[in-house]
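Below is the file coords-v3.cif, which contains mmCIF, C-alpha atoms.
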```cif
data_entry
#
loop_
_atom_site.label_atom_id
_atom_site.label_comp_id
_atom_site.auth_asym_id
_atom_site.auth_seq_id
_atom_site.Cartn_x
_atom_site.Cartn_y
_atom_site.Cartn_z
CA MET F 1206 12.19 16.03 -125.46
CA LYS F 1207 10.69 16.47 -122.02
CA SER F 1208 9.11 19.77 -121.20
CA PRO F 1209 10.51 21.80 -118.28
CA MET F 1210 7.32 21.04 -116.30
CA ASN F 1211 7.67 17.25 -116.77
CA TRP F 1212 11.34 17.49 -115.76
CA VAL F 1213 10.41 19.32 -112.57
CA ARG F 1214 7.74 16.72 -111.70
CA THR F 1215 10.14 13.82 -112.36
CA THR F 1216 12.85 15.47 -110.25
CA ALA F 1217 10.40 16.09 -107.39
CA LEU F 1218 9.10 12.49 -107.52
CA LEU F 1219 12.63 11.10 -107.49
CA ALA F 1220 13.58 13.35 -104.57
CA GLY F 1221 10.48 12.21 -102.67
CA CYS F 1222 11.34 8.55 -103.20
CA LEU F 1223 14.91 9.12 -102.04
CA GLY F 1224 13.66 11.06 -99.05
CA PHE F 1225 11.23 8.22 -98.10
CA LEU F 1226 13.95 5.63 -98.38
CA GLY F 1227 16.34 7.77 -96.37
CA GLY F 1228 13.76 8.40 -93.64
CA ASN F 1229 13.22 4.65 -93.10
CA SER F 1230 16.85 3.63 -93.16
CA ARG F 1231 18.78 3.15 -89.96
CA ALA F 1232 20.78 6.09 -88.68
CA ASP F 1233 24.49 5.69 -88.04
CA ASP F 1234 23.89 5.20 -84.30
CA GLY F 1235 20.52 3.50 -84.69
CA ALA F 1236 19.55 0.05 -83.40
CA GLY F 1237 16.88 -2.57 -83.91
CA ILE F 1238 14.95 -5.16 -81.94
CA SER F 1239 12.81 -8.21 -82.70
CA VAL F 1240 10.03 -8.91 -80.22
CA ARG F 1241 8.54 -12.36 -79.87
CA SER F 1242 6.26 -13.89 -77.24
CA ASP F 1243 4.85 -17.30 -76.39
CA VAL F 1244 1.42 -15.89 -77.27
CA ASP F 1245 1.34 -14.63 -80.84
CA SER F 1246 -0.45 -11.39 -81.77
CA SER F 1247 0.41 -9.77 -78.43
CA LEU F 1248 0.28 -6.00 -78.71
CA VAL F 1249 3.80 -4.51 -78.66
CA ILE F 1250 4.27 -0.96 -77.36
CA ILE F 1251 7.67 0.72 -77.38
CA ASP F 1252 8.11 4.02 -75.55
CA GLY F 1253 4.35 4.48 -75.42
CA THR F 1254 3.82 3.91 -79.18
CA ILE F 1255 2.11 0.84 -80.62
CA VAL F 1256 4.54 -0.71 -83.12
CA GLY F 1257 2.62 -3.86 -84.04
CA LYS F 1258 1.82 -7.36 -82.84
CA SER F 1259 4.28 -10.08 -81.96
CA PRO F 1260 6.35 -11.28 -83.67
CA VAL F 1261 7.48 -7.88 -84.89
CA THR F 1262 10.85 -6.35 -85.90
CA ILE F 1263 11.73 -2.67 -85.54
CA ASP F 1264 15.01 -1.61 -87.12
CA SER F 1265 14.75 2.17 -86.86
CA LEU F 1266 15.19 2.76 -83.13
CA ARG F 1267 17.69 5.14 -81.68
CA SER F 1268 20.33 3.77 -79.37
CA GLY F 1269 19.74 4.15 -75.66
CA LEU F 1270 17.11 3.11 -73.13
CA HIS F 1271 13.65 2.02 -74.32
CA GLU F 1272 10.55 0.73 -72.55
CA VAL F 1273 9.01 -2.38 -74.10
CA ARG F 1274 5.47 -3.30 -73.09
CA LEU F 1275 3.46 -6.34 -74.23
CA LEU F 1276 -0.29 -6.72 -73.83
CA HIS F 1277 -1.97 -10.10 -74.00
CA PRO F 1278 -4.27 -10.49 -77.05
CA ASP F 1279 -7.21 -11.14 -74.71
CA LEU F 1280 -7.38 -7.54 -73.51
CA GLU F 1281 -10.74 -8.05 -71.79
CA ASN F 1282 -9.40 -10.80 -69.56
CA TRP F 1283 -8.73 -9.41 -66.10
CA PHE F 1284 -6.21 -12.19 -65.45
CA ALA F 1285 -4.18 -11.51 -68.60
CA PRO F 1286 -0.81 -10.20 -67.43
CA VAL F 1287 1.11 -7.21 -68.82
CA ILE F 1288 4.83 -7.54 -69.54
CA ILE F 1289 7.00 -4.44 -68.98
CA ASP F 1290 10.71 -4.42 -69.74
CA SER F 1291 13.51 -1.85 -70.09
CA VAL F 1292 16.04 -2.39 -72.89
CA ASN F 1293 19.26 -0.44 -73.35
CA LEU F 1294 20.36 -0.61 -77.01
CA LEU F 1295 23.90 0.12 -78.13
CA PRO F 1296 24.59 1.93 -81.41
CA GLY F 1297 24.15 -0.46 -84.31
CA GLU F 1298 22.92 -3.28 -82.05
CA ASP F 1299 20.23 -5.76 -83.10
CA ARG F 1300 18.49 -7.33 -80.11
CA ASP F 1301 16.20 -10.38 -80.15
CA LEU F 1302 13.70 -10.27 -77.28
CA VAL F 1303 11.58 -13.26 -76.30
CA TYR F 1304 8.89 -12.94 -73.62
CA ARG F 1305 6.64 -15.41 -71.83
CA PHE F 1306 3.31 -14.51 -70.27
CA ASP F 1307 2.76 -15.83 -66.74
CA ARG F 1308 -0.76 -17.16 -66.51
CA LEU F 1309 -2.95 -16.75 -63.45
CA TYR F 1310 -5.83 -19.04 -62.49
CA ASN F 1311 -8.84 -18.15 -60.38
CA ILE F 1312 -10.24 -21.40 -58.98
CA ARG F 1313 -13.77 -21.08 -57.62
CA SER F 1314 -16.08 -23.70 -56.17
CA ASP F 1315 -19.70 -23.98 -55.15
CA PRO F 1316 -19.74 -24.21 -52.18
CA SER F 1317 -16.58 -22.24 -51.44
CA GLY F 1318 -13.97 -23.22 -48.90
CA ALA F 1319 -12.96 -26.38 -50.74
CA GLU F 1320 -9.40 -27.66 -50.58
CA VAL F 1321 -7.31 -27.52 -53.77
CA LEU F 1322 -4.57 -30.13 -54.16
CA VAL F 1323 -1.85 -30.31 -56.83
CA ASP F 1324 0.17 -33.53 -57.05
CA GLY F 1325 -1.38 -34.58 -53.75
CA LYS F 1326 -0.25 -31.43 -51.92
CA LEU F 1327 -2.63 -28.85 -50.47
CA VAL F 1328 -2.07 -25.45 -52.15
CA GLY F 1329 -5.02 -23.52 -50.70
CA THR F 1330 -8.79 -23.24 -50.41
CA THR F 1331 -11.31 -21.75 -52.80
CA PRO F 1332 -11.60 -19.07 -54.00
CA LEU F 1333 -7.93 -19.41 -54.89
CA PHE F 1334 -5.64 -17.36 -57.14
CA MET F 1335 -2.52 -19.19 -58.28
CA GLU F 1336 0.09 -18.90 -61.01
CA ALA F 1337 0.22 -21.52 -63.73
CA ARG F 1338 3.31 -23.66 -64.18
CA GLU F 1339 5.18 -25.00 -67.19
CA ASN F 1340 3.41 -28.33 -66.98
CA ASP F 1341 -0.03 -27.82 -65.50
CA SER F 1342 -1.01 -30.84 -63.43
CA LEU F 1343 -4.55 -31.96 -62.78
CA MET F 1344 -6.01 -30.40 -59.65
CA THR F 1345 -8.20 -32.10 -57.06
CA VAL F 1346 -10.95 -30.06 -55.38
CA ARG F 1347 -12.58 -31.56 -52.31
CA LYS F 1348 -14.74 -30.54 -49.37
CA ARG F 1349 -16.07 -32.48 -46.41
CA GLY F 1350 -19.55 -33.78 -47.13
CA PHE F 1351 -19.20 -33.29 -50.92
CA GLY F 1352 -17.86 -35.30 -53.80
CA THR F 1353 -14.31 -34.86 -55.08
CA SER F 1354 -13.72 -33.19 -58.45
CA VAL F 1355 -10.63 -33.41 -60.66
CA ILE F 1356 -10.07 -30.44 -62.98
CA ASP F 1357 -7.69 -29.65 -65.82
CA PRO F 1358 -6.51 -26.01 -65.48
CA ALA F 1359 -5.46 -25.99 -69.12
CA ARG F 1360 -9.15 -25.90 -69.99
CA ALA F 1361 -9.78 -22.81 -67.93
CA GLU F 1362 -11.91 -20.23 -69.72
CA ARG F 1363 -10.06 -16.91 -69.60
CA GLY F 1364 -8.24 -17.99 -66.46
CA VAL F 1365 -11.34 -18.91 -64.43
CA VAL F 1366 -12.04 -22.46 -63.26
CA ASP F 1367 -15.52 -23.05 -61.81
CA VAL F 1368 -16.22 -26.27 -59.93
CA ASN F 1369 -19.62 -27.42 -58.71
CA LEU F 1370 -19.33 -29.92 -55.88
CA GLU F 1371 -22.21 -32.32 -55.37
CA PRO F 1372 -23.24 -33.40 -51.85
CA VAL F 1373 -22.46 -37.00 -50.99
CA THR F 1374 -25.76 -38.89 -50.63
CA TYR F 1375 -27.00 -42.08 -48.98
CA GLY F 1376 -28.48 -44.87 -51.05
CA GLY F 1377 -31.90 -43.29 -50.61
CA GLY F 1378 -30.74 -40.00 -52.01
CA GLU F 1379 -30.50 -38.08 -48.75
CA PRO F 1380 -27.47 -35.78 -48.41
CA LEU F 1381 -24.68 -37.25 -46.33
CA LEU F 1382 -23.66 -34.58 -43.88
CA ILE F 1383 -20.43 -35.51 -42.20
CA GLU F 1384 -20.20 -33.84 -38.84
CA PRO F 1385 -16.86 -33.49 -37.10
CA ALA F 1386 -16.37 -36.12 -34.40
CA GLU F 1387 -17.16 -34.90 -30.93
CA ARG F 1388 -14.21 -34.99 -28.60
CA PRO F 1389 -14.58 -35.66 -24.87
CA VAL F 1390 -14.58 -32.56 -22.72
CA LEU F 1391 -13.95 -34.30 -19.40
CA PRO F 1392 -10.11 -34.30 -19.78
CA LEU F 1393 -10.30 -30.61 -20.61
CA ILE F 1394 -12.33 -29.88 -17.48
CA LEU F 1395 -10.11 -32.00 -15.25
CA SER F 1396 -6.85 -30.51 -16.53
CA GLY F 1397 -8.16 -26.96 -16.14
CA ALA F 1398 -9.48 -27.58 -12.64
CA SER F 1399 -6.26 -29.34 -11.60
CA SER F 1400 -4.19 -26.41 -12.83
CA ILE F 1401 -6.27 -23.96 -10.79
CA LEU F 1402 -6.24 -26.20 -7.71
CA ALA F 1403 -2.47 -26.76 -7.86
CA GLY F 1404 -1.93 -23.05 -8.30
CA GLY F 1405 -4.04 -22.38 -5.22
CA PHE F 1406 -2.03 -24.89 -3.15
CA SER F 1407 1.20 -23.29 -4.33
CA ALA F 1408 0.06 -19.84 -3.25
CA TYR F 1409 -1.21 -21.15 0.13
CA TYR F 1410 2.01 -22.95 1.06
CA LYS F 1411 4.11 -20.02 -0.12
CA VAL F 1412 2.21 -17.70 2.23
CA LYS F 1413 2.63 -20.18 5.09
CA ALA F 1414 6.36 -20.43 4.37
CA ASP F 1415 6.69 -16.65 4.56
CA GLU F 1416 4.85 -16.58 7.88
CA VAL F 1417 7.06 -19.27 9.42
CA TYR F 1418 10.17 -17.53 8.14
CA GLN F 1419 9.10 -14.33 9.87
CA GLU F 1420 8.77 -16.34 13.10
CA TYR F 1421 12.29 -17.69 12.56
CA LEU F 1422 13.64 -14.16 12.19
CA LEU F 1423 11.98 -13.17 15.45
CA THR F 1424 12.88 -16.25 17.52
CA GLY F 1425 15.96 -17.65 15.83
CA ASP F 1426 14.50 -21.15 16.30
CA PRO F 1427 16.24 -23.55 13.83
CA SER F 1428 13.11 -25.70 13.59
CA LYS F 1429 11.24 -22.74 12.11
CA LEU F 1430 13.87 -22.44 9.35
CA ALA F 1431 13.56 -26.15 8.57
CA GLU F 1432 9.79 -25.86 8.46
CA THR F 1433 10.11 -22.86 6.12
CA ARG F 1434 12.19 -24.89 3.69
CA LYS F 1435 9.66 -27.74 3.72
CA LEU F 1436 6.81 -25.35 3.01
CA ASP F 1437 8.80 -23.72 0.17
CA ASN F 1438 9.44 -27.14 -1.35
CA VAL F 1439 5.74 -28.01 -1.21
CA ALA F 1440 4.86 -24.67 -2.78
CA GLY F 1441 7.40 -25.26 -5.56
CA ILE F 1442 6.06 -28.76 -6.29
CA ALA F 1443 2.48 -27.44 -6.42
CA LEU F 1444 3.56 -24.65 -8.76
CA GLY F 1445 5.25 -27.14 -11.10
CA ALA F 1446 2.14 -29.31 -11.13
CA SER F 1447 0.03 -26.26 -11.92
CA GLN F 1448 2.21 -25.47 -14.94
CA ILE F 1449 2.01 -29.07 -16.20
CA TYR F 1450 -1.79 -29.13 -15.93
CA LEU F 1451 -1.97 -25.73 -17.63
CA ALA F 1452 0.11 -27.01 -20.55
CA LEU F 1453 -2.13 -30.08 -20.82
CA PHE F 1454 -5.23 -27.90 -20.72
CA SER F 1455 -3.86 -25.68 -23.52
CA TYR F 1456 -3.03 -28.68 -25.67
CA LEU F 1457 -6.48 -30.22 -25.26
CA LEU F 1458 -8.15 -26.88 -25.94
CA LEU F 1459 -6.25 -26.25 -29.16
CA SER F 1460 -6.77 -29.78 -30.45
CA GLN F 1461 -10.55 -29.53 -30.20
#
```

Would you give me this structure, written as structure tokens?
Amino acid sequence: MKSPMNWVRTTALLAGCLGFLGGNSRADDGAGISVRSDVDSSLVIIDGTIVGKSPVTIDSLRSGLHEVRLLHPDLENWFAPVIIDSVNLLPGEDRDLVYRFDRLYNIRSDPSGAEVLVDGKLVGTTPLFMEARENDSLMTVRKRGFGTSVIDPARAERGVVDVNLEPVTYGGGEPLLIEPAERPVLPLILSGASSILAGGFSAYYKVKADEVYQEYLLTGDPSKLAETRKLDNVAGIALGASQIYLALFSYLLLSQ
């Protein structure tokens, strides 16, 4: 026969076990979620509390709105993104959440200012930050006067891709420095001077036309009116030529 003390201890132990089981069971209006990510062991934080690493299942949440936050396992990587989501759970609902981390590359070259091409298309110049894609293609890094390098972004170390470009050399080992081709400046000078000269002619003949027109108003001589029209026409033609030469000058200047 058990003593009263043993009976009390057994009753207390049984009550504690029942209380533990009851505290971890889902409430009538409770809900649950399963969190998975394309990078396993991501830190999962729900409503500011760390609940584990992905994949993880929590079946003791209250219904309502919750904040779900995932941290990449490589916490020291500055380019590791953070996923933040808001989830509204209905009473008794079980939700399966799957997340994908967007990767970010930092492409650097020595020297900088190199062009980066993906599938033959220019995407920017180094240093370049760009998001990774589902199927990462090989990237071509090139710079005038230096060799071309082909890189595989999938081999990036913690999101950073460093490329060392070697100078192109002659057979004797001297660096090949490719200078931009010099463009003739004579057309630029001629077009600019022609624009100024035509503008001057336009202003001169316009002034003369105004003077002759004033004489017509004073004398009423029809020949003065005819002369005014001729001078206005010459001034208009000169002004049009000035605009054409100015447009040519601007084009040549910008194409240098």

Shortest interatomic distance to F:Glu1416 - which of F:Pro1286, F:Lys1429, F:Leu1393, F:His1277, counting only C-alpha atoms
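Smallest distance to F:Glu1416 is found for F:Lys1429.
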
Within 9 Å of F:Leu1275 using only C-alpha atoms, minus same-chain residues under 4 positions, as a ChimeraX atom specification
/F:1242,1247-1251,1258-1259,1286-1290,1304

To verify the selection step, state as a PyMOL selection string which residues the PyMOL selection byres ((chain F and resi 1305) around 8) yields on this input.
chain F and resi 1242-1244+1303-1304+1306-1307

Rank nothing, just name the residue among F:Leu1391, F:Val1346, F:Leu1458, F:Ala1414 nearest to F:Glu1371, using all atoms listed in the file.
F:Val1346

Resolved residues for the PyMOL selection byres ((chain F and resi 1351) around 8) as a PDB file with C-alpha atoms, in the frame of the given file:
```pdb
ATOM      1  CA  ARG F1347     -12.580 -31.560 -52.310  1.00  0.00           C
ATOM      2  CA  LYS F1348     -14.740 -30.540 -49.370  1.00  0.00           C
ATOM      3  CA  ARG F1349     -16.070 -32.480 -46.410  1.00  0.00           C
ATOM      4  CA  GLY F1350     -19.550 -33.780 -47.130  1.00  0.00           C
ATOM      5  CA  GLY F1352     -17.860 -35.300 -53.800  1.00  0.00           C
ATOM      6  CA  THR F1353     -14.310 -34.860 -55.080  1.00  0.00           C
ATOM      7  CA  LEU F1370     -19.330 -29.920 -55.880  1.00  0.00           C
ATOM      8  CA  GLU F1371     -22.210 -32.320 -55.370  1.00  0.00           C
ATOM      9  CA  PRO F1372     -23.240 -33.400 -51.850  1.00  0.00           C
ATOM     10  CA  VAL F1373     -22.460 -37.000 -50.990  1.00  0.00           C
TER      11      VAL F1373
END
```

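The residue set within 10 Å of F:Ala1398, counting all atoms listed in the file and dropping same-chain residues fewer than 6 places from it, reads F:Pro1392, F:Gly1404, F:Ser1447, F:Tyr1450, F:Leu1451, F:Phe1454.
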
Would you work out the distance separating atom CA of F:Leu1402 from atom CA of F:Glu1420, expressed in Å to one decimal?
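Atom-to-atom, atom CA of F:Leu1402 to atom CA of F:Glu1420, that is 27.5 Å.
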
Point-to-point distance from atom CA of F:Leu1309 to atom CA of F:Pro1358, Å rounded to tenths:
10.1 Å

Can you work out which one of F:Ser1455, F:Ser1407, F:Ser1317, F:Ser1428 has the shortest atom-to-atom distance to F:Ala1443, counting only C-alpha atoms?
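Nearest to F:Ala1443: F:Ser1407.
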
Report the distance between atom CA of F:Asp1264 and atom CA of F:Ser1291 in Å, rounded to one decimal place.
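Atom-to-atom, atom CA of F:Asp1264 and atom CA of F:Ser1291 are spaced 17.1 Å apart.
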
Which of these residues is nearest to F:Tyr1310, using all atoms listed in the file: F:Ile1442, F:Val1365, F:Val1256, F:Val1273?
F:Val1365
